[in-house]
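Containing TSV, C-alpha atoms and all ligand atoms: protein.tsv.
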chain	number	residue	atom	x	y	z
A	4	MET	CA	82.20	91.31	97.71
A	5	GLY	CA	80.59	90.08	100.92
A	6	PRO	CA	77.05	90.51	102.13
A	7	HIS	CA	77.00	94.18	101.12
A	8	LYS	CA	76.80	94.88	97.44
A	9	PRO	CA	79.62	97.34	96.83
A	10	ILE	CA	78.46	100.68	95.57
A	11	ALA	CA	81.89	101.09	94.05
A	12	GLY	CA	81.93	100.01	90.43
A	13	ARG	CA	83.54	101.12	87.23
A	14	GLU	CA	81.79	104.51	87.06
A	15	PHE	CA	82.75	105.28	90.64
A	16	TYR	CA	86.42	104.47	90.03
A	17	ARG	CA	86.46	106.32	86.71
A	18	GLN	CA	85.42	109.42	88.63
A	19	VAL	CA	88.12	108.85	91.26
A	20	TYR	CA	90.85	108.10	88.69
A	21	ALA	CA	89.84	111.22	86.73
A	22	LEU	CA	90.40	113.38	89.80
A	23	LEU	CA	93.94	112.09	89.96
A	24	ALA	CA	94.69	111.94	86.23
A	25	ASP	CA	97.13	114.83	86.25
A	26	ALA	CA	98.13	114.66	89.89
A	27	SER	CA	101.62	113.65	90.87
A	28	PRO	CA	103.49	114.24	94.13
A	29	LEU	CA	106.25	116.38	92.60
A	30	ALA	CA	106.46	118.64	89.56
A	31	GLY	CA	108.97	116.24	87.99
A	32	ASP	CA	109.07	112.45	88.01
A	33	CYS	CA	109.89	111.36	91.56
A	34	GLY	CA	110.96	107.99	90.12
A	35	GLU	CA	114.17	109.74	89.02
A	36	LEU	CA	115.09	110.19	92.70
A	37	CYS	CA	115.05	106.49	93.47
A	38	HIS	CA	114.96	104.51	90.20
A	39	LYS	CA	111.25	103.91	90.80
A	40	ALA	CA	111.85	102.06	94.06
A	41	CYS	CA	108.15	101.60	94.74
A	42	CYS	CA	107.61	99.84	91.42
A	43	THR	CA	110.31	97.24	92.31
A	44	LEU	CA	109.76	95.57	88.98
A	45	GLU	CA	113.09	93.79	88.91
A	46	SER	CA	113.83	93.14	92.55
A	47	PRO	CA	113.89	89.52	93.76
A	48	GLU	CA	111.29	90.39	96.39
A	49	SER	CA	108.96	91.89	93.85
A	50	ARG	CA	106.62	88.91	93.91
A	51	GLN	CA	105.83	89.54	97.56
A	52	LEU	CA	105.26	93.22	96.87
A	53	GLY	CA	102.13	94.45	95.34
A	54	ILE	CA	98.98	96.42	95.78
A	55	TYR	CA	95.56	95.39	97.03
A	56	LEU	CA	92.78	96.69	94.85
A	57	LEU	CA	89.94	98.41	96.66
A	58	PRO	CA	86.50	96.75	96.62
A	59	GLY	CA	85.10	96.95	93.10
A	60	GLU	CA	88.30	98.42	91.66
A	61	GLU	CA	88.86	95.22	89.70
A	62	THR	CA	86.16	96.51	87.32
A	63	MET	CA	88.78	98.97	86.01
A	64	PHE	CA	90.87	96.08	84.64
A	65	THR	CA	90.39	93.28	82.17
A	66	GLY	CA	92.47	90.83	84.20
A	67	HIS	CA	94.68	90.32	81.11
A	68	GLU	CA	96.94	93.36	81.45
A	69	ASP	CA	100.43	92.27	80.42
A	70	TRP	CA	102.03	94.42	83.14
A	71	LEU	CA	100.10	92.88	86.03
A	72	VAL	CA	100.07	89.53	87.76
A	73	TRP	CA	96.94	88.86	89.77
A	74	GLU	CA	96.51	86.90	92.94
A	75	GLU	CA	93.01	86.25	94.26
A	76	GLN	CA	92.87	85.92	98.03
A	77	ARG	CA	90.04	85.61	100.56
A	78	ALA	CA	89.54	88.67	102.73
A	79	GLU	CA	88.76	86.52	105.77
A	80	HIS	CA	92.21	84.90	105.56
A	81	TYR	CA	94.07	88.19	105.75
A	82	ASP	CA	94.18	91.35	107.84
A	83	PHE	CA	90.98	93.04	106.65
A	84	PRO	CA	87.94	94.51	108.42
A	85	SER	CA	85.27	92.03	109.53
A	86	SER	CA	82.84	93.52	106.99
A	87	TRP	CA	85.09	92.24	104.17
A	88	HIS	CA	84.32	88.74	102.90
A	89	GLY	CA	85.17	86.87	99.75
A	90	PRO	CA	87.70	87.65	97.06
A	91	VAL	CA	90.25	90.42	97.31
A	92	PHE	CA	92.70	91.06	94.52
A	93	PHE	CA	96.42	91.52	95.08
A	94	VAL	CA	98.30	92.69	92.01
A	95	HIS	CA	102.02	92.80	91.23
A	96	CYS	CA	103.45	95.03	88.53
A	97	THR	CA	105.83	93.21	86.22
A	98	SER	CA	106.64	96.00	83.79
A	99	THR	CA	106.00	99.68	83.48
A	100	CYS	CA	102.33	100.49	83.71
A	101	PRO	CA	100.26	102.67	81.44
A	102	ARG	CA	100.05	105.60	83.85
A	103	PRO	CA	96.27	106.20	83.48
A	104	GLN	CA	95.66	102.65	84.70
A	105	ARG	CA	97.54	102.79	87.99
A	106	PRO	CA	95.54	101.30	90.88
A	107	MET	CA	94.36	103.64	93.62
A	108	GLN	CA	96.84	102.39	96.22
A	109	CYS	CA	99.65	103.39	93.85
A	110	ARG	CA	98.09	106.79	93.17
A	111	THR	CA	97.82	107.66	96.84
A	112	PHE	CA	101.44	106.89	97.76
A	113	PRO	CA	103.32	108.49	99.60
A	114	LEU	CA	100.21	109.67	101.46
A	115	ALA	CA	97.53	107.54	103.08
A	116	PRO	CA	94.01	108.21	104.35
A	117	HIS	CA	93.66	108.15	108.11
A	118	TYR	CA	90.83	108.73	110.61
A	119	LEU	CA	91.72	110.65	113.76
A	120	PRO	CA	90.18	109.22	116.97
A	121	GLY	CA	87.29	111.73	116.77
A	122	GLY	CA	86.45	110.52	113.25
A	123	THR	CA	88.00	113.30	111.17
A	124	LEU	CA	89.38	112.01	107.89
A	125	THR	CA	92.92	113.16	107.09
A	126	LEU	CA	95.75	112.48	104.70
A	127	ILE	CA	98.98	111.52	106.43
A	128	TRP	CA	102.45	110.47	105.35
A	129	GLU	CA	102.40	106.69	104.81
A	130	THR	CA	103.54	104.86	107.96
A	131	MET	CA	103.60	101.32	106.54
A	132	PRO	CA	107.03	99.65	106.84
A	133	LEU	CA	108.48	99.53	103.32
A	134	PRO	CA	111.13	97.20	101.91
A	135	TYR	CA	112.61	100.14	100.00
A	136	VAL	CA	113.44	103.74	100.80
A	137	CYS	CA	111.10	106.33	99.36
A	138	PRO	CA	112.95	109.65	99.45
A	139	LEU	CA	109.65	111.53	99.61
A	140	VAL	CA	108.63	109.73	102.81
A	141	LYS	CA	112.10	109.69	104.34
A	142	ASP	CA	112.78	113.39	103.86
A	143	LYS	CA	109.15	114.56	103.86
A	144	TRP	CA	109.53	116.36	100.58
A	145	PRO	CA	107.09	119.23	100.05
A	146	LEU	CA	104.43	117.75	97.80
A	147	ARG	CA	102.45	119.60	95.16
A	148	GLN	CA	99.39	121.25	96.61
A	149	ASP	CA	97.22	120.18	93.66
A	150	PHE	CA	98.23	116.55	94.29
A	151	ILE	CA	97.32	116.82	97.99
A	152	LEU	CA	93.97	118.45	97.29
A	153	ALA	CA	93.02	116.04	94.49
A	154	LEU	CA	93.94	113.11	96.70
A	155	GLY	CA	91.88	114.53	99.55
A	156	ARG	CA	88.89	114.82	97.24
A	157	ALA	CA	89.48	111.26	95.97
A	158	TRP	CA	89.51	109.79	99.51
A	159	GLN	CA	86.51	111.92	100.44
A	160	LEU	CA	84.64	110.16	97.62
A	161	LEU	CA	86.15	106.73	98.22
A	162	THR	CA	85.17	106.70	101.89
A	163	GLN	CA	81.53	107.11	100.86
A	164	GLU	CA	81.77	103.39	100.08
A	165	PRO	CA	81.22	101.63	103.45
A	166	LEU	CA	83.72	98.85	102.75
A	167	ILE	CA	86.44	101.38	101.98
A	168	ARG	CA	85.53	103.45	105.02
A	169	ASP	CA	85.83	100.27	107.12
A	170	LEU	CA	89.27	99.63	105.64
A	171	VAL	CA	90.52	103.14	106.39
A	172	GLN	CA	89.16	102.91	109.94
A	173	TRP	CA	90.80	99.50	110.33
A	174	ASP	CA	94.18	100.79	109.11
A	175	SER	CA	93.87	103.87	111.34
A	176	ARG	CA	93.23	101.76	114.46
A	177	HIS	CA	96.14	99.54	113.46
A	178	ARG	CA	98.46	102.57	113.36
A	179	TYR	CA	97.35	103.67	116.82
A	180	ARG	CA	97.82	100.14	118.17
A	181	GLN	CA	101.34	100.09	116.73
A	182	GLY	CA	102.02	103.54	118.18
A	183	ASP	CA	102.95	104.81	114.72
A	184	PRO	CA	103.27	108.61	114.88
A	185	VAL	CA	101.06	110.22	112.25
A	186	GLN	CA	101.98	113.35	110.38
A	187	ILE	CA	98.91	115.06	109.00
A	188	VAL	CA	99.23	116.63	105.56
A	189	LEU	CA	95.56	117.52	104.99
A	190	VAL	CA	92.31	117.52	106.96
A	191	ILE	CA	89.61	116.30	104.59
A	192	PRO	CA	86.21	117.98	105.04
A	193	GLU	CA	83.02	115.91	105.26
A	194	VAL	CA	81.19	115.54	101.96
A	195	GLY	CA	78.99	118.61	101.54
A	196	ALA	CA	80.89	120.62	104.18
B	201	LIG	S1	106.84	107.55	95.40
B	201	LIG	FE1	108.84	107.44	96.43
B	201	LIG	S2	109.63	105.37	96.00
B	201	LIG	FE2	107.96	105.79	94.54
B	201	LIG	S3	108.96	106.61	92.69
B	201	LIG	FE3	108.37	108.37	93.97
B	201	LIG	S4	110.17	108.79	95.23
B	201	LIG	FE4	110.43	106.75	94.41
B	202	LIG	S1	101.11	100.81	88.96
B	202	LIG	FE1	102.82	101.64	87.77
B	202	LIG	S2	103.71	103.25	89.02
B	202	LIG	FE2	102.42	101.98	90.37
B	202	LIG	S3	103.77	100.42	91.24
B	202	LIG	FE3	102.90	99.55	89.37
B	202	LIG	S4	104.38	100.00	87.72
B	202	LIG	FE4	104.84	101.35	89.47

Mind turning the file's structure into structure tokens?
Ligand code: SF4
Ligand code: SF4
Amino acid sequence: MGPHKPIAGREFYRQVYALLADASPLAGDCGELCHKACCTLESPESRQLGIYLLPGEETMFTGHEDWLVWEEQRAEHYDFPSSWHGPVFFVHCTSTCPRPQRPMQCRTFPLAPHYLPGGTLTLIWETMPLPYVCPLVKDKWPLRQDFILALGRAWQLLTQEPLIRDLVQWDSRHRYRQGDPVQIVLVIPEVGA
């Protein structure tokens, strides 16, 4: 993708996915609270809903998964950092996924990575407007500590990739521009700290 060769490839994402293999926000299945609202497999709007893969994350998929529909877009035509050029992949889930194959943006929900103005990386409650109600976000359910820590470690690794760091910085600035209040769940230490 773009003029920079992404450092993020299959091995990188295997490491990240492995960190989150057993991590889930609640001890039980939070999908039972809301009939899996975030999957929205059967809603009429489901075609507009989906997940952007991170740069290089497409290497984790064959492109022929029967539970995914792919849309290839150009980064420069959408709201992405200026360092992003070329294809970006937007995927829609059409049936229940094999859990170990969930894309990163699904794994991180209901938390999101966020840079504070001084540059500290944090995990916050997702602020993005959603076309469904996630009870975890709405009521700020206490999330499992192992989920929070594993996710912090995953974003610590992911933001070593400059294109991903640019994306998180871009989204963070966007939140501040919108005046979205952020609720910090975890301060993520620098790598090696
Ligand atoms: S993350 Fe939220 S919307 Fe998604 S299944 Fe869990 S409770 Fe439902
Ligand atoms: S990857 Fe799985 S859990 Fe995530 S939105 Fe798609 S079907 Fe739902």

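For Leu161 in chain A, the residues within 9 Å (counting all atoms listed in the file, excluding itself and residues fewer than 3 positions away along the chain) are A:Ala11, A:Phe15, A:Tyr16, A:Val19, A:Arg156, A:Ala157, A:Trp158, A:Glu164, A:Pro165, A:Ile167, A:Arg168.
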
- Residue among A:Val94, A:Met107, A:Asp82, A:Leu152 lying closest to His67 in chain A, counting only C-alpha atoms: A:Val94

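Close to (96.8, 102.1, 92.4), meaning no more than 10 Å away when counting only C-alpha atoms, sit the residues Tyr20, Gly53, Ile54, Tyr55, Leu56, Leu57, Glu60, Val94, Arg102, Pro103, Gln104, Arg105, Pro106, Met107, Gln108, Cys109, Arg110, Thr111 and Phe112 of chain A.
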
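Between CA of Leu36 in chain A and CA of Val72 in chain A the interatomic distance comes to 26.0 Å.
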
- Within 6 Å of ligand LIG 201 (chain B), counting all atoms listed in the file: which residues, as a list in words? Cys33, Gly34, Leu36, Cys37, Lys39, Ala40, Cys41, Phe112, Pro113, Cys137, Pro138 and Leu139 of chain A

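All residues of protein, DNA or RNA that reach within 9 Å of Trp70 in chain A, judged by all atoms listed in the file and not counting those fewer than 6 positions away in the chain, are His95, Cys96, Thr97, Ser98, Thr99, Cys100 and Pro101 of chain A.
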
Write out, as an mmCIF file, in the coordinates of the input, the residues just selected, with C-alpha atoms.
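Result file follows (part01.cif):
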data_model
loop_
_atom_site.group_PDB
_atom_site.id
_atom_site.type_symbol
_atom_site.label_atom_id
_atom_site.label_comp_id
_atom_site.auth_asym_id
_atom_site.auth_seq_id
_atom_site.Cartn_x
_atom_site.Cartn_y
_atom_site.Cartn_z
ATOM 1 C CA HIS A 95 102.020 92.800 91.230
ATOM 2 C CA CYS A 96 103.450 95.030 88.530
ATOM 3 C CA THR A 97 105.830 93.210 86.220
ATOM 4 C CA SER A 98 106.640 96.000 83.790
ATOM 5 C CA THR A 99 106.000 99.680 83.480
ATOM 6 C CA CYS A 100 102.330 100.490 83.710
ATOM 7 C CA PRO A 101 100.260 102.670 81.440
#

- Between A:Leu29, A:Arg176, A:Gln18, A:Cys42, smallest distance to ligand LIG 202 (chain B) by all atoms listed in the file belongs to A:Cys42

- Excluding same-chain residues fewer than 4 positions from Arg17 in chain A, what lies within 8 Å of it counting all atoms listed in the file, as a ChimeraX atom specification? /A:13,21,63

Export C-alpha atoms of the chosen residues as an mmCIF file, in the coordinates of the input?
data_model
loop_
_atom_site.group_PDB
_atom_site.id
_atom_site.type_symbol
_atom_site.label_atom_id
_atom_site.label_comp_id
_atom_site.auth_asym_id
_atom_site.auth_seq_id
_atom_site.Cartn_x
_atom_site.Cartn_y
_atom_site.Cartn_z
ATOM 1 C CA ARG A 13 83.540 101.120 87.230
ATOM 2 C CA ALA A 21 89.840 111.220 86.730
ATOM 3 C CA MET A 63 88.780 98.970 86.010
#

- Task: Considering all atoms listed in the file, return as a PyMOL selection string whatever protein or nucleic-acid residues lie within 8 Å of Val91 in chain A, sequence-local ones (same chain, fewer than 5 positions apart) excluded.
- Result: chain A and resi 55-56+58+75-78

Box for ligand LIG 202 (chain B): with edges along x, y and z, all listed atoms inside and 5 Å added on each side, what are the centre and edge lengths in Å to one decimal, as lines of an AutoDock Vina configuration file?
center_x = 103.0
center_y = 101.4
center_z = 89.5
size_x = 13.7
size_y = 13.7
size_z = 13.5

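Straight-line separation from atom S2 of ligand LIG 202 (chain B) to CA of Asp174 in chain A: 22.4 Å.
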
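Near range 118-131 of chain A, within a cut-off of 9 Å and counting all atoms listed in the file, sit the residues Phe112, Pro113, Val140, Lys143, Ile151, Leu154, Gly155, Trp158, Gln159, Val171, Gln172, Asp174, Ser175, Arg176, Arg178, Asp183, Pro184, Val185, Gln186, Ile187, Val188, Leu189, Val190, Ile191, Pro192 and Glu193 of chain A, with same-chain residues fewer than 5 positions away left out.
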
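If you measure from each of A:Tyr81, A:Trp87, A:Phe93, A:Trp173 to ligand LIG 202 (chain B) using all atoms listed in the file, the closest one turns out to be A:Phe93.
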